[in-house]
Amino acid sequence: MESEINPLAHSPDHPLSDHLRAVAKLAAEFSAAFGADDWGHLAGLWHDLGKYRPAFQAKLATAGGVDAHIEGFQQRVTHSHAGAMHAIEKLGPLRGEILAFLIAGHHSGLPDKDEASPTSLKFRLGSEMAKREFAEVLARAIPADILAATVPTTMIPGGMHGYALWVRMLFSSLVDADFLDTEAYYDSVKSSKRSCHSSLAEIKRVFDDFMCKLADRVGAEPVSVVNGVRADVLAQCRAKGGDNSLAPGFFDLTVPTGGGKTLSSLAFALEHALAHDKRRIIYAIPYTSIIEQTAKVFRGTLSALDADTVLEHHSNLDVAERKEDHASRLAAENWDAPLIVTTNVQLFESLHAARTSRCRKLHNLVNSVIILDEAQQLPRDFLAPVLRVLKLLVAHYGVTVVFCTATQPALTPRHEPITQRLVLDGVDAKSMRAIIDDPQPMFDALRRVDIHLPADFSARSQWPAIAAEIAAHDCVLSIVNVRQHARELFALLPDHGAIHLSALMCAEHRSAVIEQIKARLRDKTNGTDQEPLRVVSTQLVEAGVDLDFPVVFRALAGLDSIAQAAGRCNREGRLGGRGKVHVFVPPQSAPPGILRQGEQAMTEMAKTGRLADSLSPAAFVEYFNQLYAKDDSGFDRAGVLELLKHDRAAFRTAAEHFRLIDDDSESIIVPYRKQGETESPVGRWVGALEKDGRQTGLYRKLQRYTVSVPRRIFEQMLKRGEVEERAGLWLALDLLYDQRLGLIVTSNTGNPADYFC
């Protein structure tokens, strides 16, 4: 057989030795960005040594080459053990183990070190199957340059605290190099397009041109306090970003809601990136529901450039591990675009991930600018591992992090009051540079609303009474904590002029409704719309959605959420007086988690009279101190840092525990139809993916047509035949999607949390 004479990587014209050398070269280039090219080179050379075994070559021929190398393919023939065992034999147990993690996991994901599981590194390399694979490989005639070992000398940055991130960075370099070389073989057209992105210098030129034209338009309008503050914010962001004396590191951008921080933060990032030779900008947002809004703003600003300049990437269409195949892995995003708009879930879960498709992008974080929009939404229960990884990125991987918010959280180190035990290894205040010199005057200038708090925080109102208060206003926005509450309140409002918004509507649907609301608000401002406009929404409108209502009702939540709701009221300062924000206590508490913790912190502050000036920066400091003081053990509730200690290295278990969304959920593609469409396009797109799963653009389109539901509800929908699986994705039946309310879900699990989906 020809493959026994000249072993193959994938198919007859893709020799294995060529593949190993190409991956070694690419992996070395990627890992050189953080000074570890010697490790990357060896990982690339040895990652597929197991493919030299005759059994794999035979399987390659019968499987047609496409999925034979995926460990999980039916009747698999393993190939990831031989290189791992070769690394330990050549480099010894300490250095060799590092490469063994990478090589053993390059298809199945990073394993745990020695947990009592058949998937652990210790169990796998000690198995008879692994020993047989290694022996078969050693019997083959392998080129000497591939087997040769030069002992790596690069030290682990950050010491033992930095071990887990460093291994993931090496892993990322290897798997992306492997995927890219494979892609070059299977899809040369797609591969050739990867180097066609606009540079950050080009992006800045187009951005500056857009902002100049915007300034001219604003200058033609009557002078306003709001526009004056926005111009000041932009000027300070540009000045600080272009200041070469301000070294990369941590920055805070504290700007009152409505102060134009979205474009101003991008201005800082572009100036800073060019001043310090950064490679890309990652803009992370807490909510999937608003990512499309920010991406749309950036695309509009940069419309003179190619559409792929801005990559929008969140988690809704990550193919489940059990469904991954060759095509889906090649389609996984590796964040090689210059400007990424993503979610906190995608960013931070990837930084703690084990799966190859999640880790693949990590090496592209090196030497980047990461903007954390709405930084107050950083997950409290995971704050310790989140801050640990951010500090490592800043200290050792050339990353600049910008905490961007109107309500800056308290992220400095925290100690237990009595014992002074360190409970949160936060960011030292001296390390955090302020982009805005003195934000207090801006907050005073943009004080455009009055906050009306409940007289009694323990007295709950009922939905009919709340609905009656809302219905008394002609133009009003009401924001509730959960999706079920939005539907209950919406059903009680007069049908005429009522609009519903929640994450049970897909992104494409929400965008259309938000544009409708904005158009109605413009018409009301110029007097051409006399009809009532009453919007009921979940908190998805509280960040990144520029709405401007004269009156806002907000269900009791944390002070940061109330401040964000206030940012949707009298946003442009056009009212003769101040807007009105009414905070009410809903019939039920928010579900467990950060929303309920926020409710409790607000109630405690109200009892002690600390809410007199509820929108001042000082009040936010008080609020976050109250919030974080509730339970110091909650900063790493899942014990992720313990799992990732060097001597334990439980990568897979840590990834399973690091879940920013409490409830295990499933993403469902829904058949939303735009106005004028007779049928949804999702069936056509999924059909195309069934024919060729490497069409990344279709995944990007479909992620705007997804809705996430708790797994308990999903399992019920599956039993009832309400969803079907196609191309490794779940599709909802047409009858399950309401063109006003979104996905129709029912639950009979008896779990109250299911009603908050």
# chains A, B, ... in the order shown; residues from 1 in each chain; ligands from 1
>>> residues_around(residues="range 640-647 of chain A", least_positions_apart="2", cutoff="7 Å", atoms="only C-alpha atoms", output="JSON, numbers by chain")
{"A": [160, 163, 164, 385, 636, 638, 649, 650, 651, 654, 657, 658]}
>>> residues_around(residues="Arg358 in chain A", least_positions_apart="5", cutoff="9 Å", atoms="only C-alpha atoms", output="count of residues only")
10
>>> select_by_dssp(residues="range 21-50 of chain A", states="alpha helix (DSSP H)", output="list of chain:residue names")
A:Arg21, A:Ala22, A:Val23, A:Ala24, A:Lys25, A:Leu26, A:Ala27, A:Ala28, A:Glu29, A:Phe30, A:Ser31, A:Ala32, A:Asp37, A:Asp38, A:Trp39, A:Gly40, A:His41, A:Leu42, A:Ala43, A:Gly44, A:Leu45, A:Trp46
>>> write_last_selection(atoms="C-alpha atoms", output="CSV table (one decimal), in the first residue's frame")
chain,number,residue,atom,x,y,z
A,21,ARG,CA,6.9,20.1,9.5
A,22,ALA,CA,4.3,22.7,8.4
A,23,VAL,CA,2.4,22.5,11.7
A,24,ALA,CA,5.7,22.8,13.6
A,25,LYS,CA,6.6,25.9,11.7
A,26,LEU,CA,3.2,27.5,12.3
A,27,ALA,CA,3.0,26.5,15.9
A,28,ALA,CA,6.5,28.0,16.5
A,29,GLU,CA,5.4,31.2,14.8
A,30,PHE,CA,2.3,31.5,17.0
A,31,SER,CA,4.0,30.6,20.3
A,32,ALA,CA,6.9,33.0,19.5
A,37,ASP,CA,8.6,29.0,19.9
A,38,ASP,CA,10.8,26.1,21.1
A,39,TRP,CA,7.9,24.4,22.7
A,40,GLY,CA,5.5,25.1,19.8
A,41,HIS,CA,8.0,23.7,17.3
A,42,LEU,CA,8.3,20.3,19.2
A,43,ALA,CA,4.5,20.1,19.8
A,44,GLY,CA,3.9,20.5,16.0
A,45,LEU,CA,6.6,17.9,15.0
A,46,TRP,CA,5.3,15.3,17.4
>>> residues_around(residues="range 200-202 of chain A", least_positions_apart="3", cutoff="9 Å", atoms="only C-alpha atoms", output="MDAnalysis selection string")
chainID A and resid 205:207 270 273:274 278:281 305 338:339
>>> residues_around(residues="range 585-599 of chain A", least_positions_apart="5", cutoff="7 Å", atoms="only C-alpha atoms", output="PyMOL selection string")
chain A and resi 457+459-463+481+555-558+627+753
>>> residues_around(residues="range 505-512 of chain A", least_positions_apart="3", cutoff="6 Å", atoms="only C-alpha atoms", output="ChimeraX atom specification")
/A:502,515,704-707,742
>>> residues_around(residues="His276 in chain A", least_positions_apart="5", cutoff="9 Å", atoms="only C-alpha atoms", output="number ranges by chain")
A: 242, 244, 247-248, 271
>>> select_by_dssp(residues="range 491-729 of chain A", states="strand (DSSP E)", output="PyMOL selection string")
chain A and resi 498-501+533-537+551-555+579-584+665-669+706-710+723-726+729
>>> residues_around(residues="Lys90 in chain A", least_positions_apart="3", cutoff="10 Å", atoms="only C-alpha atoms", output="CSV table (one decimal) with all heavy atoms, in the first residue's frame")
chain,number,residue,atom,x,y,z
A,85,MET,N,3.9,10.2,24.5
A,85,MET,CA,4.9,9.3,25.1
A,85,MET,C,6.3,9.5,24.7
A,85,MET,O,7.3,9.4,25.4
A,85,MET,CB,4.4,7.8,24.9
A,85,MET,CG,3.1,7.5,25.5
A,85,MET,SD,2.5,5.9,25.1
A,85,MET,CE,3.5,4.9,26.2
A,86,HIS,N,6.5,9.9,23.4
A,86,HIS,CA,7.8,10.2,22.9
A,86,HIS,C,8.3,11.5,23.6
A,86,HIS,O,9.5,11.5,23.9
A,86,HIS,CB,7.7,10.5,21.4
A,86,HIS,CG,9.0,10.8,20.7
A,86,HIS,ND1,10.0,10.0,20.5
A,86,HIS,CD2,9.4,12.0,20.2
A,86,HIS,CE1,11.0,10.6,19.9
A,86,HIS,NE2,10.7,11.8,19.7
A,87,ALA,N,7.4,12.4,23.8
A,87,ALA,CA,7.9,13.7,24.5
A,87,ALA,C,8.4,13.4,25.9
A,87,ALA,O,9.4,13.9,26.3
A,87,ALA,CB,6.7,14.7,24.6
A,93,PRO,N,10.0,13.6,32.7
A,93,PRO,CA,8.6,13.7,33.1
A,93,PRO,C,8.2,15.2,33.3
A,93,PRO,O,7.0,15.5,33.1
A,93,PRO,CB,8.6,13.0,34.5
A,93,PRO,CG,10.1,13.0,34.9
A,93,PRO,CD,10.9,12.9,33.6
A,95,ARG,N,9.3,18.4,31.7
A,95,ARG,CA,9.1,19.0,30.4
A,95,ARG,C,8.2,18.2,29.5
A,95,ARG,O,7.3,18.7,28.8
A,95,ARG,CB,10.4,19.3,29.7
A,95,ARG,CG,11.2,20.4,30.3
A,95,ARG,CD,12.5,20.7,29.5
A,95,ARG,NE,13.3,21.8,30.0
A,95,ARG,CZ,14.1,21.8,31.0
A,95,ARG,NH1,14.4,20.6,31.6
A,95,ARG,NH2,14.8,22.9,31.4
A,96,GLY,N,8.4,16.9,29.5
A,96,GLY,CA,7.7,16.0,28.6
A,96,GLY,C,6.2,16.0,28.9
A,96,GLY,O,5.4,15.9,28.0
A,147,LEU,N,11.9,13.2,14.7
A,147,LEU,CA,12.0,12.6,16.0
A,147,LEU,C,13.0,13.3,16.9
A,147,LEU,O,13.1,13.1,18.1
A,147,LEU,CB,12.5,11.1,15.9
A,147,LEU,CG,11.4,10.1,15.3
A,147,LEU,CD1,12.0,8.8,15.2
A,147,LEU,CD2,10.2,10.1,16.2
A,148,ALA,N,13.9,14.1,16.3
A,148,ALA,CA,14.9,14.8,17.1
A,148,ALA,C,14.3,15.7,18.2
A,148,ALA,O,13.3,16.3,18.0
A,148,ALA,CB,15.8,15.6,16.2
A,149,ALA,N,15.1,15.8,19.3
A,149,ALA,CA,14.6,16.6,20.4
A,149,ALA,C,15.6,17.6,20.8
A,149,ALA,O,16.8,17.2,21.2
A,149,ALA,CB,14.2,15.7,21.6
A,150,THR,N,15.3,18.9,20.8
A,150,THR,CA,16.1,19.9,21.4
A,150,THR,C,15.3,20.4,22.6
A,150,THR,O,14.2,20.9,22.6
A,150,THR,CB,16.3,21.1,20.4
A,150,THR,OG1,16.9,20.7,19.2
A,150,THR,CG2,17.1,22.2,21.1
A,151,VAL,N,16.0,20.3,23.8
A,151,VAL,CA,15.3,20.5,25.1
A,151,VAL,C,14.9,22.0,25.1
A,151,VAL,O,15.7,22.9,25.0
A,151,VAL,CB,16.2,20.2,26.3
A,151,VAL,CG1,15.5,20.6,27.6
A,151,VAL,CG2,16.6,18.7,26.2
>>> closest_residue(among="A:Phe553, A:Ala471, A:Val369, A:Val536", to="His485 in chain A", atoms="only C-alpha atoms")
A:Val536
>>> decode(residues="range 273-286 of chain A", atoms="N, CA and C atoms", output="PDB file, in the first residue's frame")
ATOM      1  N   ALA A 273      -3.300  50.872  20.434  1.00  0.00           N
ATOM      2  CA  ALA A 273      -2.782  49.735  19.664  1.00  0.00           C
ATOM      3  C   ALA A 273      -1.679  50.182  18.714  1.00  0.00           C
ATOM      4  N   LEU A 274      -1.866  51.307  18.045  1.00  0.00           N
ATOM      5  CA  LEU A 274      -0.857  51.778  17.104  1.00  0.00           C
ATOM      6  C   LEU A 274       0.362  52.354  17.831  1.00  0.00           C
ATOM      7  N   ALA A 275       0.128  52.968  18.975  1.00  0.00           N
ATOM      8  CA  ALA A 275       1.249  53.530  19.735  1.00  0.00           C
ATOM      9  C   ALA A 275       2.144  52.438  20.309  1.00  0.00           C
ATOM     10  N   HIS A 276       1.552  51.255  20.566  1.00  0.00           N
ATOM     11  CA  HIS A 276       2.309  50.187  21.224  1.00  0.00           C
ATOM     12  C   HIS A 276       2.358  48.905  20.385  1.00  0.00           C
ATOM     13  N   ASP A 277       2.070  49.017  19.111  1.00  0.00           N
ATOM     14  CA  ASP A 277       2.216  47.902  18.172  1.00  0.00           C
ATOM     15  C   ASP A 277       1.404  46.683  18.591  1.00  0.00           C
ATOM     16  N   LYS A 278       0.131  46.899  18.938  1.00  0.00           N
ATOM     17  CA  LYS A 278      -0.764  45.788  19.269  1.00  0.00           C
ATOM     18  C   LYS A 278      -1.341  45.187  17.988  1.00  0.00           C
ATOM     19  N   ARG A 279      -1.761  43.927  18.090  1.00  0.00           N
ATOM     20  CA  ARG A 279      -2.188  43.200  16.891  1.00  0.00           C
ATOM     21  C   ARG A 279      -3.687  43.296  16.598  1.00  0.00           C
ATOM     22  N   ARG A 280      -4.502  43.352  17.632  1.00  0.00           N
ATOM     23  CA  ARG A 280      -5.952  43.382  17.400  1.00  0.00           C
ATOM     24  C   ARG A 280      -6.664  43.932  18.625  1.00  0.00           C
ATOM     25  N   ILE A 281      -7.963  44.180  18.447  1.00  0.00           N
ATOM     26  CA  ILE A 281      -8.816  44.708  19.513  1.00  0.00           C
ATOM     27  C   ILE A 281      -9.962  43.731  19.731  1.00  0.00           C
ATOM     28  N   ILE A 282     -10.173  43.344  20.989  1.00  0.00           N
ATOM     29  CA  ILE A 282     -11.286  42.461  21.346  1.00  0.00           C
ATOM     30  C   ILE A 282     -12.235  43.246  22.241  1.00  0.00           C
ATOM     31  N   TYR A 283     -13.470  43.348  21.813  1.00  0.00           N
ATOM     32  CA  TYR A 283     -14.492  44.094  22.553  1.00  0.00           C
ATOM     33  C   TYR A 283     -15.467  43.084  23.139  1.00  0.00           C
ATOM     34  N   ALA A 284     -15.427  42.888  24.461  1.00  0.00           N
ATOM     35  CA  ALA A 284     -16.240  41.859  25.119  1.00  0.00           C
ATOM     36  C   ALA A 284     -17.408  42.499  25.848  1.00  0.00           C
ATOM     37  N   ILE A 285     -18.576  41.886  25.701  1.00  0.00           N
ATOM     38  CA  ILE A 285     -19.839  42.427  26.195  1.00  0.00           C
ATOM     39  C   ILE A 285     -20.522  41.356  27.045  1.00  0.00           C
ATOM     40  N   PRO A 286     -21.194  41.734  28.143  1.00  0.00           N
ATOM     41  CA  PRO A 286     -21.775  40.708  29.010  1.00  0.00           C
ATOM     42  C   PRO A 286     -22.951  39.955  28.418  1.00  0.00           C
TER      43      PRO A 286
END
